[in-house]
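Down below is the structure, laid out as structure tokens.
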Amino acid sequence: MNLSSKLFQKDIEQVPTRNGYGEGLVELGQSNPNVVVLSADLAESTRAKAFGEKYPERFFELGVAEQNMMGVATGLALSGKIPFVSSYATFSPGRNWDQLRVSVCYSEANVKVAGSHAGLSVGPDGATHQALEDIAIARVLPNLTVIVPCDAIEAKKVTLAAAKHQGPVYFRLGRAETPVFTTIDTPFEIGKAVILKDGTDVSIIGCGQLVYEGLLAAEELSKKGINARVINCHTIKPIDKETIIAAARETGAVVTIEEHQIHGGLGGAVAEVLGANMPVPMEIMGVSDHFGESGEPRQLLEKYHLLAPDIVRAAEQVIKRKK
Amino acid sequence: MMKQKSELEIKIIASEIRQSIIEMLLEAKSGHSAGPLGMTDIFASLYFNILKHDPQNPKWEDRDKVMLSNGHICPVLYATLAHAGYFPKEELKTLRKLGTRLHGHPHNLVVPGVENSSGPLGQGLSQAIGAALADRIDKKRRRIFCLMSDGEHDEGQTWEAIMFAGKMKLSNVTSIVDRNNIQIEGYTENIMPLEPFADKYKAFNWHVLEIDGHNIEQIIDACAEADAIYEKPTVIIAHTIPGKGVNFMEKDYHWHGTPPNVDQANEALKQIRTLEGKIESEHE
């Protein structure tokens with residue numbers, strides 16, 4: 001699947017997914033005159049700033065006012081622009097969910113919402129800033145496409161694809177430097193999950209940076225004679241039912257992994273598909289119904305059992321539950 | 001483009017729109033009475049004199065846009081659009097009924113002439129600002145009107161939007177606030193005082209006009225003045241009487257979210273047809 005040549009090496013490049021967003025925006029500024037960018041006093045940390053410097057007439061600073069930002073984006077979109085709403089996921093779509101629901105989704109306004117600083121890996125800022133609920137509140141909305149890119153390269157692809165897609169899109173980004181394990185040649189298409197490694201014993205379905213932990217776990221499992229399939233399910237909605245059902249049918253057990261509450265996120269979306277179509281034993285990995293805390297990103301992922309060794313354990317457990 | 005109507009013609013049209021509102025609400029058996037009747041003169045003035053628009057071509061590229069923020073007064077929007085020719089007047093009777101395009105709160109994707117969806121209060125001005133920014137980028141000269149309630153100034157988003165429009169000096173935005181002093185549970189100054197209302201807007205760098213929202217000449221003049229202000233967005237604080245034209249509904253907040261029953265509707269229609277007893281009704 002054209003992954004990085006340094007895939008399992010210690011010196012694999014580390015870049016935050018938000019950087020991919022920033023690069024994607026600058027490219028769109030050049031290629032698409034309808035693209036406009038909105039920021040609520042967080043242009044630097046969401047990486048929207050570079051676009052603002054290059055295309056100031058298409059960049060709007062709204063101050064710390066996320067509700068108004070979503071509404072202004074709606075007005076721009078209803079007039080033919082393609083607005084990218086940039087903030088932290090806790091505030092957007094956290095604080096402006098009603099505006100996302102009615103102004104954007106109900107009206108099918110062509111607004112793109114980039115929620116940065118999602119997940120535990122926000123780190124030291126602690127629980128208030130670690131969005132662990134955004135996938136759930138986004139994927140419940142009609143008309144909204146929900147995407148979680150796995151690394152900076154994919155984040156750039158998502159940004160470009162969101163501009164081409166007609167209709168509202170939410171995508172989540174991370175603050176921390178995370179492994180860049182895909183390449184420009186790795187396939188990406190909205191709604192089409194990517195099988196990064198084939199396998200027959202268990203399927204590890206992930207989104208975001210933890211897909212990489214899934215790949216590490218699969219390596220570890222193969223040493224134990226377990227052949228794991230690893231799927232990058234970047235699009236949470238519309239979810240790729242076909243790939244998920246086939247994975248369950250062909251491997252008989254599923255582990256999902258995400259930096260999100262175990263309720264309502266990727267795990268929930270996969271469970272909804274499998275419960276109705278192909279029930280198999282499942283382990284849903286994520287944060288178990290509580291808030292995060294301060295700490296370094298890796299420390300937090302370790303404490304909350306979201307790293308490769310934890311996935312190995314979950315995979316072994318779920319395989320045992322197969323009939 | 002619509003031909004401009006005279007002040008007298010607008011008064012007659014407003015009376016017809018008010019009758020439609022009462023008939024719609026009676027048929028629907030739910031909905032808001034006071035706000036729509038109070039805003040009828042403003043809607044009639046906009047759609048029959050002030051706006052550049054074409055009911056035969058609702059998506060006309062150069063049209064002026066009206067963004068309704070307090071979606072619950074949509075009976076007056078629907079009735080005005082129908083009277084202007086956007087869709088047949090018979091359709092007004094489908095208000096709030098299964099299968100209708102005329103939902104309890106307006107939906108931009110289904111009703112010709114409706115620019116935005118609204119219902120949850122405080123969202124419209126932001127949308128109007130977005131439309132105005134798009135026009136600034138595209139160097140379009142059209143006007144964006146936002147129609148708002150006074151009650152929705154309780155919402156934080158409203159003030160976020162007011163502050164932002166002031167920052168951007170959005171002179172192509174004209175907001176008309178229905179200052180009727182009521183909201184669903186009481187009088188605005190009891191629920192959450194808004195005064196000094198005009199001063200607040202001035203402090204946020206808006207040009208402020210105050211008018212009698214039932215005086216057609218004042219409505220038209222204020223919109224013309226707003227168009228001539230190039231440095232700032234303009235708010236027209238329109239003092240209106242909620243339930244205007246029906247004496248037992250006027251100034252009573254209990255009619256904010258209530259429809260008339262049959263007897264009340266008949267009495268209301270009688271009063272509206274006679275312009276509150278000033279003329280003899282031809283329907284008597």
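Starting from 1 in every chain, residues are counted up; chains themselves are A, B, ... following the order of the structure tokens, and ligands are numbered from 1 as listed.
Interface residues of chain A facing chain B, defined by any atom at most 6 Å away and using only C-alpha atoms, are Gln67, Asn68, Gly71, Val72, Ala73, Thr74, Gly75, Leu76 and Ser79 of chain A.
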Would you save the residues of that selection, restricted to N, CA and C atoms, as a compact mmCIF listing (two decimals), in the first residue's frame?
```
# COMPACT_ATOMS: atom_id res chain seq x y z
N GLN A 67 -19.12 30.25 17.60
CA GLN A 67 -20.50 30.13 17.12
C GLN A 67 -20.72 31.04 15.91
N ASN A 68 -20.26 32.28 16.06
CA ASN A 68 -20.37 33.21 14.94
C ASN A 68 -19.57 32.69 13.75
N GLY A 71 -21.51 30.30 11.71
CA GLY A 71 -22.58 30.97 10.98
C GLY A 71 -22.06 31.78 9.80
N VAL A 72 -20.97 32.49 10.01
CA VAL A 72 -20.36 33.27 8.93
C VAL A 72 -19.92 32.33 7.80
N ALA A 73 -19.36 31.19 8.19
CA ALA A 73 -18.96 30.20 7.18
C ALA A 73 -20.17 29.76 6.36
N THR A 74 -21.30 29.61 7.03
CA THR A 74 -22.53 29.21 6.34
C THR A 74 -22.91 30.24 5.28
N GLY A 75 -22.90 31.51 5.69
CA GLY A 75 -23.25 32.57 4.74
C GLY A 75 -22.32 32.59 3.54
N LEU A 76 -21.03 32.40 3.81
CA LEU A 76 -20.05 32.35 2.71
C LEU A 76 -20.35 31.16 1.79
N SER A 79 -23.19 31.45 -0.50
CA SER A 79 -22.87 32.35 -1.62
C SER A 79 -21.78 31.78 -2.52
```
Could you list, as a ChimeraX atom specification, every residue within 10 Å of Ala265 in chain B, counting only C-alpha atoms and ignoring same-chain residues fewer than 6 positions away?
/B:19,21-23,25-26,246,259,271
Can I get the selected residues back with C-alpha atoms, as a PDB file, in the first residue's frame?
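Resulting contents of result_4.pdb:
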```
ATOM      1  CA  GLN B  19     -55.236  38.004   6.525  1.00  0.00           C
ATOM      2  CA  ILE B  21     -51.213  34.891   8.308  1.00  0.00           C
ATOM      3  CA  ILE B  22     -54.393  34.506  10.373  1.00  0.00           C
ATOM      4  CA  GLU B  23     -55.803  31.963   7.917  1.00  0.00           C
ATOM      5  CA  LEU B  25     -52.306  29.878  11.689  1.00  0.00           C
ATOM      6  CA  LEU B  26     -55.936  28.870  12.074  1.00  0.00           C
ATOM      7  CA  VAL B 246     -55.768  42.610  15.844  1.00  0.00           C
ATOM      8  CA  PRO B 259     -52.425  30.569  17.101  1.00  0.00           C
ATOM      9  CA  GLN B 271     -60.448  43.799  12.196  1.00  0.00           C
TER      10      GLN B 271
END
```
Run DSSP on the backbone of this structure and report the residues of range 63-253 of chain A it assigns to strand (DSSP E), as a PyMOL selection string.
chain A and resi 82-88+112-116+145-147+169-172+178-179+194-197+202-206+228-232+235-237
Output of the above residues as a PDB file, in the first residue's frame, restricted to C-alpha atoms:
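What ended up in again-v4.pdb:
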```pdb
ATOM      1  CA  ILE A  82     -15.754  26.951   0.234  1.00  0.00           C
ATOM      2  CA  PRO A  83     -15.027  27.987   3.823  1.00  0.00           C
ATOM      3  CA  PHE A  84     -12.629  26.093   6.077  1.00  0.00           C
ATOM      4  CA  VAL A  85     -13.529  26.678   9.730  1.00  0.00           C
ATOM      5  CA  SER A  86     -10.394  26.307  11.830  1.00  0.00           C
ATOM      6  CA  SER A  87     -10.250  25.848  15.586  1.00  0.00           C
ATOM      7  CA  TYR A  88      -9.796  23.219  18.261  1.00  0.00           C
ATOM      8  CA  LYS A 112     -15.476  22.328   5.960  1.00  0.00           C
ATOM      9  CA  VAL A 113     -14.741  22.129   9.671  1.00  0.00           C
ATOM     10  CA  ALA A 114     -11.208  21.341  10.803  1.00  0.00           C
ATOM     11  CA  GLY A 115     -11.055  20.416  14.497  1.00  0.00           C
ATOM     12  CA  SER A 116      -7.493  20.418  15.691  1.00  0.00           C
ATOM     13  CA  THR A 145     -19.007  13.614   6.265  1.00  0.00           C
ATOM     14  CA  VAL A 146     -16.586  12.774   9.096  1.00  0.00           C
ATOM     15  CA  ILE A 147     -12.918  12.010   8.497  1.00  0.00           C
ATOM     16  CA  VAL A 169     -17.242  17.866   6.089  1.00  0.00           C
ATOM     17  CA  TYR A 170     -15.756  17.570   9.559  1.00  0.00           C
ATOM     18  CA  PHE A 171     -12.189  16.349   9.934  1.00  0.00           C
ATOM     19  CA  ARG A 172     -10.128  16.045  13.066  1.00  0.00           C
ATOM     20  CA  THR A 178       3.121  11.592  15.033  1.00  0.00           C
ATOM     21  CA  PRO A 179       4.719   9.142  12.597  1.00  0.00           C
ATOM     22  CA  VAL A 194      -7.629   1.266   3.213  1.00  0.00           C
ATOM     23  CA  ILE A 195      -6.330  -2.218   4.007  1.00  0.00           C
ATOM     24  CA  LEU A 196      -2.742  -1.446   4.984  1.00  0.00           C
ATOM     25  CA  LYS A 197      -1.853  -5.039   5.794  1.00  0.00           C
ATOM     26  CA  VAL A 202      -8.128 -10.739  13.365  1.00  0.00           C
ATOM     27  CA  SER A 203      -8.863  -7.251  11.959  1.00  0.00           C
ATOM     28  CA  ILE A 204      -7.445  -4.158  13.593  1.00  0.00           C
ATOM     29  CA  ILE A 205      -9.554  -1.215  12.430  1.00  0.00           C
ATOM     30  CA  GLY A 206      -8.280   2.204  13.441  1.00  0.00           C
ATOM     31  CA  ALA A 228      -3.673  -9.547  11.656  1.00  0.00           C
ATOM     32  CA  ARG A 229      -5.352  -7.399   9.033  1.00  0.00           C
ATOM     33  CA  VAL A 230      -4.858  -3.653   9.576  1.00  0.00           C
ATOM     34  CA  ILE A 231      -7.401  -1.216   8.192  1.00  0.00           C
ATOM     35  CA  ASN A 232      -7.141   2.566   8.123  1.00  0.00           C
ATOM     36  CA  THR A 235     -13.787   8.040   6.970  1.00  0.00           C
ATOM     37  CA  ILE A 236     -16.109   7.482   9.904  1.00  0.00           C
ATOM     38  CA  LYS A 237     -19.116   8.677   7.921  1.00  0.00           C
TER      39      LYS A 237
END
```
Just asking: which residues within range 115-277 of chain B are alpha helix (DSSP H) according to DSSP, as an MDAnalysis selection string?
chainID B and resid 124:138 156:168 188:191 197:203 216:228 262:273
Might you pull out every residue within 9 Å of Ile226 in chain A, with only C-alpha atoms counted and same-chain residues fewer than 5 positions away left off, and present them as a ChimeraX atom specification?
/A:199-202,218,220-221,316
Same residues, N, CA and C atoms, saved as a compact mmCIF listing (two decimals), in the first residue's frame:
```
# COMPACT_ATOMS: atom_id res chain seq x y z
N GLY A 199 -4.60 -9.84 6.38
CA GLY A 199 -4.45 -10.83 7.44
C GLY A 199 -5.73 -11.64 7.56
N THR A 200 -5.68 -12.76 8.27
CA THR A 200 -6.81 -13.69 8.29
C THR A 200 -7.31 -14.01 9.70
N ASP A 201 -6.54 -13.65 10.73
CA ASP A 201 -6.90 -14.09 12.09
C ASP A 201 -7.71 -13.06 12.88
N VAL A 202 -7.46 -11.81 12.64
CA VAL A 202 -8.13 -10.74 13.36
C VAL A 202 -7.98 -9.45 12.54
N ALA A 218 0.43 -5.40 14.72
CA ALA A 218 0.35 -6.51 13.75
C ALA A 218 1.72 -7.15 13.56
N GLU A 220 4.05 -7.30 15.82
CA GLU A 220 4.26 -8.06 17.06
C GLU A 220 3.45 -9.36 17.03
N LEU A 221 2.21 -9.25 16.58
CA LEU A 221 1.34 -10.43 16.53
C LEU A 221 1.88 -11.47 15.55
N GLU A 316 -5.36 -10.67 21.03
CA GLU A 316 -5.31 -12.05 21.56
C GLU A 316 -6.60 -12.41 22.28
```
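Interatomic distance, CA of Tyr304 in chain A against CA of Ala136 in chain A: 19.1 Å.
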Excluding Ala222 in chain B and residues on its chain fewer than 2 positions from it, collect all residues at most 9 Å away from it, counting only C-alpha atoms, and give them as a count of residues only.
12
Show me, as a CSV table (one decimal) with N, CA and C atoms, in the first residue's frame, the residues that have an atom within 12 Å of Lys323 in chain A when counting only C-alpha atoms, minus same-chain residues fewer than 2 positions from it.
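Ended up saving to part_2.csv:
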```csv
chain,number,residue,atom,x,y,z
A,252,GLY,N,-13.0,-13.0,11.3
A,252,GLY,CA,-13.8,-13.5,12.5
A,252,GLY,C,-13.7,-12.8,13.8
A,253,ALA,N,-12.9,-11.7,13.8
A,253,ALA,CA,-12.7,-11.0,15.1
A,253,ALA,C,-12.2,-9.6,14.7
A,279,PRO,N,-22.2,-10.1,12.8
A,279,PRO,CA,-21.7,-10.0,14.2
A,279,PRO,C,-20.5,-11.0,14.4
A,280,VAL,N,-19.4,-10.4,15.0
A,280,VAL,CA,-18.3,-11.2,15.4
A,280,VAL,C,-17.8,-10.6,16.7
A,281,PRO,N,-17.0,-11.3,17.5
A,281,PRO,CA,-16.4,-10.7,18.7
A,281,PRO,C,-15.6,-9.5,18.4
A,318,VAL,N,-9.6,-11.1,21.8
A,318,VAL,CA,-10.8,-11.2,20.9
A,318,VAL,C,-10.7,-12.5,20.1
A,319,ILE,N,-9.5,-12.9,19.8
A,319,ILE,CA,-9.4,-14.2,19.1
A,319,ILE,C,-9.9,-15.3,19.9
A,320,LYS,N,-9.6,-15.3,21.2
A,320,LYS,CA,-10.0,-16.3,22.1
A,320,LYS,C,-11.6,-16.4,22.2
A,321,ARG,N,-12.2,-15.3,21.9
A,321,ARG,CA,-13.7,-15.3,22.0
A,321,ARG,C,-14.3,-15.8,20.7
```
Nearby residues (only C-alpha atoms) at most 7 Å from Ser45 in chain B, same-chain spacing under 4 positions excluded, as a PyMOL selection string
chain B and resi 10+41+49-50+216+220
